[in-house]
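Here is the file target.csv (CSV, C-alpha atoms).
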chain,number,residue,atom,x,y,z
A,1,MET,CA,0.0,0.0,0.0
A,2,ASN,CA,3.0,2.3,0.6
A,3,ASP,CA,3.9,2.1,-3.1
A,4,LEU,CA,0.3,2.8,-4.0
A,5,THR,CA,0.2,5.8,-1.7
A,6,SER,CA,3.2,7.3,-3.3
A,7,LEU,CA,1.2,7.4,-6.6
A,8,LEU,CA,-1.0,10.0,-5.0
A,9,PHE,CA,2.0,12.3,-4.8
A,10,LYS,CA,3.6,11.2,-8.1
A,11,THR,CA,0.5,12.1,-10.1
A,12,ASN,CA,-0.5,15.1,-8.1
A,13,ALA,CA,-3.7,13.4,-7.2
A,14,PHE,CA,-3.0,14.6,-3.7
A,15,GLN,CA,-1.3,18.0,-3.9
A,16,ILE,CA,0.0,19.8,-0.8
A,17,CYS,CA,0.4,23.6,-1.0
A,18,LYS,CA,3.7,25.4,-0.7
A,19,GLU,CA,4.4,26.8,2.7
A,20,ASN,CA,2.1,29.8,3.5
A,21,GLU,CA,0.3,29.3,0.1
A,22,PRO,CA,-2.9,27.4,0.7
A,23,PHE,CA,-5.2,26.6,-2.3
A,24,TRP,CA,-8.4,28.5,-3.0
A,25,LEU,CA,-11.4,26.3,-3.3
A,26,THR,CA,-14.5,27.0,-5.3
A,27,SER,CA,-16.5,27.7,-2.1
A,28,GLY,CA,-14.3,30.6,-1.2
A,29,THR,CA,-12.6,28.7,1.5
A,30,ILE,CA,-8.9,27.8,1.5
A,31,SER,CA,-7.1,24.5,2.1
A,32,PRO,CA,-3.5,23.3,2.6
A,33,TYR,CA,-4.2,20.4,0.1
A,34,TYR,CA,-6.1,19.7,-3.0
A,35,ASN,CA,-7.4,16.5,-4.5
A,36,ASN,CA,-7.4,15.5,-8.2
A,37,THR,CA,-8.2,11.8,-7.7
A,38,HIS,CA,-8.7,11.4,-11.4
A,39,PHE,CA,-5.0,12.1,-12.0
A,40,LEU,CA,-4.5,8.5,-10.9
A,41,TYR,CA,-5.5,7.7,-14.4
A,42,GLY,CA,-1.8,8.0,-15.0
A,43,SER,CA,-1.0,11.7,-15.1
A,44,PRO,CA,-2.7,15.1,-15.1
A,45,GLU,CA,-2.3,15.3,-18.9
A,46,ALA,CA,-3.9,11.9,-19.4
A,47,ALA,CA,-6.8,12.6,-17.0
A,48,GLN,CA,-7.5,16.0,-18.7
A,49,GLU,CA,-7.5,14.3,-22.0
A,50,LEU,CA,-10.1,11.8,-20.9
A,51,LEU,CA,-12.3,14.6,-19.3
A,52,HIS,CA,-12.1,16.4,-22.6
A,53,PHE,CA,-13.2,13.2,-24.4
A,54,ILE,CA,-16.1,12.8,-22.0
A,55,ASP,CA,-17.2,16.4,-22.5
A,56,ILE,CA,-17.2,15.9,-26.3
A,57,GLN,CA,-19.1,12.7,-25.9
A,58,LEU,CA,-21.7,14.4,-23.7
A,59,GLU,CA,-22.2,17.1,-26.4
A,60,THR,CA,-22.2,14.9,-29.5
A,61,THR,CA,-23.1,11.4,-28.6
A,62,SER,CA,-26.3,9.6,-27.4
A,63,LYS,CA,-26.2,8.6,-23.8
A,64,ASP,CA,-26.6,4.9,-24.6
A,65,SER,CA,-23.4,5.1,-26.7
A,66,ILE,CA,-21.2,6.9,-24.2
A,67,PRO,CA,-20.5,3.9,-21.8
A,68,ALA,CA,-19.0,1.7,-24.5
A,69,ASN,CA,-16.9,4.5,-25.9
A,70,LEU,CA,-15.5,5.2,-22.5
A,71,PHE,CA,-14.9,1.6,-21.7
A,72,GLU,CA,-12.7,1.3,-24.8
A,73,LYS,CA,-10.7,4.3,-23.7
A,74,VAL,CA,-10.2,3.3,-20.0
A,75,LEU,CA,-9.4,-0.3,-20.9
A,76,ALA,CA,-6.7,0.8,-23.4
A,77,GLN,CA,-5.2,3.0,-20.6
A,78,TYR,CA,-5.3,0.1,-18.2
A,79,GLN,CA,-3.4,-2.0,-20.6
A,80,ASN,CA,-0.8,0.6,-21.4
A,81,ASN,CA,-0.3,2.7,-18.3
A,82,GLN,CA,1.3,1.1,-15.2
A,83,ILE,CA,0.2,3.7,-12.7
A,84,TYR,CA,-3.5,3.4,-13.7
A,85,LYS,CA,-3.2,-0.4,-13.8
A,86,THR,CA,-1.7,-0.5,-10.3
A,87,VAL,CA,-4.6,1.7,-8.9
A,88,ILE,CA,-7.3,-0.3,-10.6
A,89,ASP,CA,-5.8,-3.7,-9.5
A,90,HIS,CA,-5.6,-2.5,-5.9
A,91,LEU,CA,-9.1,-1.1,-6.0
A,92,LYS,CA,-10.4,-4.4,-7.4
A,93,THR,CA,-8.7,-6.4,-4.6
A,94,PHE,CA,-9.9,-4.0,-2.0
A,95,ILE,CA,-13.5,-4.4,-3.2
A,96,GLU,CA,-13.2,-8.2,-3.4
A,97,THR,CA,-11.9,-8.4,0.2
A,98,THR,CA,-14.4,-5.9,1.8
A,99,VAL,CA,-17.6,-6.3,-0.1
A,100,ASP,CA,-19.9,-9.4,-0.4
A,101,LEU,CA,-20.2,-9.2,-4.2
A,102,SER,CA,-22.7,-12.0,-4.2
A,103,SER,CA,-25.2,-9.5,-2.7
A,104,ILE,CA,-24.5,-6.8,-5.3
A,105,ASP,CA,-26.6,-6.6,-8.5
A,106,TYR,CA,-25.1,-3.6,-10.2
A,107,ILE,CA,-22.2,-1.2,-10.0
A,108,SER,CA,-22.9,2.5,-10.6
A,109,GLY,CA,-20.8,5.6,-11.3
A,110,GLY,CA,-21.8,9.2,-11.8
A,111,GLU,CA,-20.8,11.9,-14.3
A,112,ARG,CA,-17.9,12.5,-14.8
A,113,ARG,CA,-14.9,11.5,-12.6
A,114,ASP,CA,-16.5,8.4,-11.1
A,115,TRP,CA,-16.4,6.8,-14.5
A,116,PHE,CA,-12.6,6.8,-14.4
A,117,PHE,CA,-13.0,3.9,-11.9
A,118,SER,CA,-16.5,2.5,-12.0
A,119,ILE,CA,-16.5,1.3,-15.6
A,120,LEU,CA,-13.4,-1.0,-15.2
A,121,MET,CA,-14.7,-2.2,-11.8
A,122,ALA,CA,-17.9,-3.3,-13.5
A,123,TYR,CA,-15.9,-5.1,-16.1
A,124,PHE,CA,-13.4,-6.9,-13.8
A,125,LEU,CA,-16.1,-7.8,-11.2
A,126,LYS,CA,-18.5,-8.9,-14.0
A,127,LYS,CA,-21.4,-6.7,-12.8
A,128,PRO,CA,-23.7,-4.6,-15.1
A,129,HIS,CA,-22.9,-0.9,-14.9
A,130,ILE,CA,-25.3,1.9,-14.3
A,131,THR,CA,-24.1,5.1,-15.8
A,132,ILE,CA,-25.6,8.1,-14.0
A,133,TYR,CA,-25.8,11.5,-15.6
A,134,LYS,CA,-26.0,14.8,-13.8
A,135,ASN,CA,-29.6,15.3,-14.9
A,136,LEU,CA,-30.4,12.0,-13.0
A,137,SER,CA,-31.0,10.0,-16.2
A,138,THR,CA,-29.3,6.6,-16.4
A,139,VAL,CA,-28.5,3.8,-18.8
A,140,VAL,CA,-27.3,0.3,-17.9
A,141,SER,CA,-24.6,-1.7,-19.7
A,142,THR,CA,-23.6,-5.3,-19.6
A,143,TYR,CA,-20.3,-5.8,-17.7
A,144,ASP,CA,-18.4,-6.0,-21.0
A,145,PHE,CA,-20.2,-2.9,-22.4
A,146,LYS,CA,-21.3,-4.7,-25.5
A,147,GLU,CA,-24.9,-3.7,-24.9
A,148,THR,CA,-26.4,-0.5,-23.3
A,149,THR,CA,-30.1,0.1,-22.8
A,150,SER,CA,-32.5,2.2,-20.7
A,151,THR,CA,-32.3,1.2,-17.0
A,152,PRO,CA,-35.2,-1.0,-16.0
A,153,LYS,CA,-36.9,-0.8,-12.6
A,154,LEU,CA,-34.5,-1.8,-9.9
A,155,THR,CA,-36.9,-3.1,-7.4
A,156,ASN,CA,-35.1,-5.0,-4.6
A,157,LYS,CA,-31.8,-4.5,-6.5
A,158,ARG,CA,-28.6,-3.6,-4.5
A,159,ILE,CA,-26.1,-1.2,-6.0
A,160,LEU,CA,-22.4,-0.6,-5.3
A,161,HIS,CA,-21.5,3.0,-6.2
A,162,ILE,CA,-17.9,3.8,-7.0
A,163,THR,CA,-16.8,7.4,-6.7
A,164,ASP,CA,-13.4,9.1,-7.2
A,165,LEU,CA,-13.7,11.4,-4.1
A,166,ILE,CA,-16.0,11.9,-1.2
A,167,THR,CA,-16.1,15.2,0.8
A,168,ILE,CA,-19.5,16.0,2.2
A,169,ALA,CA,-21.4,13.6,0.0
A,170,SER,CA,-23.2,16.4,-1.8
A,171,SER,CA,-23.2,14.6,-5.2
A,172,TYR,CA,-24.7,11.5,-3.6
A,173,LEU,CA,-27.5,13.5,-2.0
A,174,ARG,CA,-28.2,15.7,-5.0
A,175,ALA,CA,-27.9,13.1,-7.8
A,176,TRP,CA,-26.6,9.6,-7.3
A,177,ILE,CA,-29.0,8.4,-4.5
A,178,PRO,CA,-32.1,10.0,-6.1
A,179,ALA,CA,-31.3,8.6,-9.5
A,180,ILE,CA,-31.2,5.1,-8.2
A,181,GLU,CA,-34.2,5.5,-5.8
A,182,THR,CA,-36.3,6.9,-8.6
A,183,LEU,CA,-35.9,3.4,-10.2
A,184,ASP,CA,-36.8,1.8,-6.9
A,185,GLY,CA,-33.2,0.6,-6.3
A,186,LYS,CA,-30.9,1.1,-3.4
A,187,ILE,CA,-27.3,2.1,-3.1
A,188,VAL,CA,-26.1,-0.2,-0.3
A,189,THR,CA,-22.4,0.4,-0.5
A,190,SER,CA,-20.1,3.2,-1.6
A,191,ILE,CA,-16.5,2.8,-2.4
A,192,ALA,CA,-14.5,6.0,-2.7
A,193,VAL,CA,-11.0,6.0,-4.0
A,194,VAL,CA,-10.2,9.0,-1.8
A,195,ASP,CA,-12.1,10.3,1.3
A,196,ARG,CA,-11.2,13.8,2.4
A,197,MET,CA,-12.5,12.9,5.9
A,198,GLN,CA,-15.0,15.8,5.9
A,199,ASN,CA,-18.0,13.9,7.3
A,200,GLY,CA,-19.1,12.4,3.9
A,201,SER,CA,-18.9,8.8,5.1
A,202,GLN,CA,-20.9,9.6,8.2
A,203,ILE,CA,-23.6,11.3,6.0
A,204,LEU,CA,-23.8,8.2,3.8
A,205,THR,CA,-24.1,6.0,6.9
A,206,GLU,CA,-27.0,8.1,8.1
A,207,HIS,CA,-28.7,7.2,4.7
A,208,GLY,CA,-28.1,3.5,5.2
A,209,ILE,CA,-25.1,3.2,2.9
A,210,CYS,CA,-21.9,1.4,4.0
A,211,SER,CA,-19.1,3.8,3.1
A,212,LEU,CA,-15.6,2.4,2.4
A,213,THR,CA,-12.5,4.0,1.0
A,214,LEU,CA,-9.2,3.1,-0.5
A,215,PHE,CA,-7.3,6.3,0.7
A,216,GLN,CA,-8.1,8.5,3.7
A,217,ILE,CA,-6.7,12.0,3.9
A,218,ASN,CA,-5.3,11.7,7.4
A,219,GLN,CA,-2.2,11.9,9.5
A,220,THR,CA,-0.9,8.6,8.1
A,221,LEU,CA,-0.9,10.1,4.7
A,222,PHE,CA,0.8,13.3,5.9
A,223,GLU,CA,3.5,11.2,7.6
A,224,LYS,CA,4.1,9.4,4.3
A,225,ALA,CA,4.5,12.8,2.6
A,226,LYS,CA,7.0,13.9,5.2
A,227,GLU,CA,8.8,10.6,5.0
A,228,LEU,CA,9.2,11.1,1.2
A,229,ASN,CA,10.4,14.7,1.8
A,230,ILE,CA,7.5,16.1,-0.1
A,231,ILE,CA,6.6,18.4,2.8
A,232,ASN,CA,8.6,20.0,5.7
A,233,GLU,CA,7.8,20.2,9.4
A,234,ASN,CA,5.8,23.4,9.1
A,235,GLN,CA,3.6,22.0,6.3
A,236,PHE,CA,3.1,18.8,8.3
A,237,ASN,CA,2.0,20.7,11.3
A,238,MET,CA,-0.5,22.8,9.3
A,239,LEU,CA,-2.0,19.7,7.7
A,240,ASN,CA,-2.6,18.1,11.1
A,241,LYS,CA,-4.1,21.3,12.5
A,242,TYR,CA,-6.3,21.6,9.4
A,243,THR,CA,-7.5,18.0,9.9
A,244,GLU,CA,-8.4,18.7,13.5
A,245,ASN,CA,-10.4,21.9,12.8
A,246,PRO,CA,-10.3,23.2,9.2
A,247,ASP,CA,-12.1,26.5,9.8
A,248,LYS,CA,-10.1,27.4,12.9
A,249,CYS,CA,-6.8,26.5,11.2
A,250,MET,CA,-7.4,28.6,8.1
A,251,ARG,CA,-8.9,31.5,10.1
A,252,GLU,CA,-5.7,31.6,12.2
A,253,PHE,CA,-3.6,31.5,9.0
A,254,LEU,CA,-5.5,34.5,7.4
A,255,LEU,CA,-5.1,36.5,10.6
A,256,GLU,CA,-1.4,35.8,10.7
A,257,HIS,CA,-1.0,36.4,7.0
A,258,PRO,CA,-3.3,39.3,6.0
A,259,GLU,CA,-1.3,39.8,2.8
A,260,PHE,CA,-2.5,36.4,1.5
A,261,LEU,CA,-6.1,37.6,1.1
A,262,GLU,CA,-5.0,41.0,-0.2
A,263,ASN,CA,-2.8,39.4,-2.9
A,264,ALA,CA,-5.7,37.1,-3.9
A,265,LEU,CA,-8.0,40.1,-4.4
A,266,HIS,CA,-5.4,41.6,-6.8
A,267,SER,CA,-4.5,38.3,-8.5
A,268,ASP,CA,-4.3,38.0,-12.3
A,269,ASP,CA,-6.4,34.9,-12.1
A,270,PRO,CA,-10.2,35.8,-12.2
A,271,LYS,CA,-11.1,32.6,-10.3
A,272,THR,CA,-8.8,33.5,-7.4
A,273,VAL,CA,-10.3,37.0,-7.2
A,274,LYS,CA,-13.8,35.6,-7.3
A,275,ARG,CA,-13.1,33.1,-4.5
A,276,ALA,CA,-11.4,35.7,-2.4
A,277,LYS,CA,-14.4,38.0,-2.8
A,278,THR,CA,-16.7,35.2,-1.8
A,279,CYS,CA,-14.6,34.6,1.3
A,280,ILE,CA,-14.9,38.2,2.3
A,281,GLU,CA,-18.6,38.8,1.3
A,282,GLN,CA,-19.8,35.7,3.1
A,283,ASN,CA,-17.4,36.3,6.0
A,284,LEU,CA,-16.5,32.6,5.9
A,285,TYR,CA,-13.8,32.8,8.5
A,286,ASP,CA,-15.4,35.5,10.7
A,287,LEU,CA,-12.4,37.8,10.2

Output the file's structure in the form of structure tokens.
Amino acid sequence: MNDLTSLLFKTNAFQICKENEPFWLTSGTISPYYNNTHFLYGSPEAAQELLHFIDIQLETTSKDSIPANLFEKVLAQYQNNQIYKTVIDHLKTFIETTVDLSSIDYISGGERRDWFFSILMAYFLKKPHITIYKNLSTVVSTYDFKETTSTPKLTNKRILHITDLITIASSYLRAWIPAIETLDGKIVTSIAVVDRMQNGSQILTEHGICSLTLFQINQTLFEKAKELNIINENQFNMLNKYTENPDKCMREFLLEHPEFLENALHSDDPKTVKRAKTCIEQNLYDL
């Protein structure tokens, strides 16, 4: 697992900020680390290429053709990229040893990044795959993706949902759970490649879903980063403080470094300016 963990850093799937330069998140909050779980596809460039392919598919192709086209792409990457193959093989083994697959009828994955992992899991575990789109529509494919049709009623069917990243489970509550429940099915288990440990698993548990994860963003991971000399002692301490209390940690940082917010407001990057303004206007850190 140590070798697998190192791939998070090698691909920038888990990226830690430079000292005193936390990342701006879309919400207007800041964080000492950022997750791009889909980079485990092999590299940031390969992952962005697949996302671009997916976007074109969504714009130009019928929804019942997309799963097979994606399957062809991800299978080729699995066969030709050792990083992606390693991650997929570990994920498969993890599922086989933690989930009673005899009780699972389908594997599902949601638009877009879940598909980096759910499609091949369906193939290797020989379970039909439910492709969930953001508008809550779905199609179902045979495990080898040779046939895709409209999803039938899923009465009494048990679904294993595979996701790239879980934070506060907002995508589950907004889309994945309702999409399956509309068809009278039930997501009984969730497997996340990465869990940011921000209460998402607890939220799923409250909805009757067993939540499991391959990687947890916790002190063990930070210690690995320090061991690999990816971070220094100050960065390590900030990561641990953030894990204990994200809001308090980042509030203290902003109070100690007022220039950080001021620089963000005058950034050349429109996204950074927008996020900094959101932070101030919504008084997210009670400054």

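With distances restricted to all atoms listed in the file, A:Gln15 is the closest residue to Pro32 (chain A) from A:Asn245, A:Gln219, A:Thr61, A:Gln15.
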
| field | Nearest residue to Asn229 (chain A) from the set A:Cys279, A:Thr11, A:Leu154, A:Ile16 (distances using only C-alpha atoms) | value | A:Ile16

| message | Excluding His38 (chain A) and its own-chain neighbours fewer than 3 positions away, which residues fall within 7 Å of it when counting all atoms listed in the file? Please give them as an NGL selection string. | response | :A and (13 or 41 or 47 or 113 or 116 or 164)

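Note that CA of Phe124 (chain A) and CA of Gln79 (chain A) are 13.0 Å apart.
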
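Omitting Pro152 (chain A) and its sequence neighbours fewer than 4 positions away, and counting all atoms listed in the file, the residues within 10 Å are Thr138, Val139, Val140, Leu183 and Asp184 of chain A.
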
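What separates CA of Ser211 (chain A) from CA of Phe94 (chain A) is a distance of 13.1 Å.
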
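CA of Leu70 (chain A) lies 18.6 Å from CA of Lys92 (chain A).
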
| task | May I have the protein, DNA and RNA residues with any atom at most 12 Å from the point (-0.6, 12.6, -8.9), counting all atoms listed in the file, written as a VMD selection string? | result | chain A and resid 4 to 16 34 to 47 83 to 84 87

| message | Which residues are near Leu212 (chain A)? Cut-off 12 Å, all atoms listed in the file, ignore same chain within fewer than 4 positions. Put them as a list in words. | response | Leu91, Phe94, Ile95, Thr97, Thr98, Val99, Leu160, His161, Ile162, Thr163, Asp164, Leu165, Ile166, Val188, Thr189, Ser190, Ile191, Ala192, Val193, Val194, Asp195, Met197, Gly200, Ser201, Gln202, Leu204, Thr205 and Gln216 of chain A

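Among the candidates A:Asp100, A:Glu147, A:Glu281, A:Glu21, the residue lying nearest to Leu125 (chain A) is A:Asp100 (atoms considered: all atoms listed in the file).
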
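Comparing the minimum interatomic distances between Asp286 (chain A) and each of A:Thr142, A:Thr155, A:Thr149, A:Thr29, counting all atoms listed in the file, we find that A:Thr29 sits nearest.
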
| field | Long-range neighbours of Tyr133 (chain A) as a PyMOL selection string, 10 Å cut-off, only C-alpha atoms, 4 positions minimum in chain | value | chain A and resi 58+63+109-112+137-139+175-176+179

| field | Proximity to Gln57 (chain A) - best of A:Thr167, A:Asn80, A:Asn69, A:Thr131, all atoms listed in the file | value | A:Asn69

| Which residues, written as a ChimeraX atom specification, have at least one atom at most 12 Å from Arg174 (chain A), with all atoms listed in the file counted and residues fewer than 4 positions away on the same chain left out? | /A:110,133-136,168-170,178-181

With C-alpha atoms retained, export the selected residues as an mmCIF file, in the coordinates of the input.
data_model
loop_
_atom_site.group_PDB
_atom_site.id
_atom_site.type_symbol
_atom_site.label_atom_id
_atom_site.label_comp_id
_atom_site.auth_asym_id
_atom_site.auth_seq_id
_atom_site.Cartn_x
_atom_site.Cartn_y
_atom_site.Cartn_z
ATOM 1 C CA GLY A 110 -21.800 9.200 -11.800
ATOM 2 C CA TYR A 133 -25.800 11.500 -15.600
ATOM 3 C CA LYS A 134 -26.000 14.800 -13.800
ATOM 4 C CA ASN A 135 -29.600 15.300 -14.900
ATOM 5 C CA LEU A 136 -30.400 12.000 -13.000
ATOM 6 C CA ILE A 168 -19.500 16.000 2.200
ATOM 7 C CA ALA A 169 -21.400 13.600 0.000
ATOM 8 C CA SER A 170 -23.200 16.400 -1.800
ATOM 9 C CA PRO A 178 -32.100 10.000 -6.100
ATOM 10 C CA ALA A 179 -31.300 8.600 -9.500
ATOM 11 C CA ILE A 180 -31.200 5.100 -8.200
ATOM 12 C CA GLU A 181 -34.200 5.500 -5.800
#
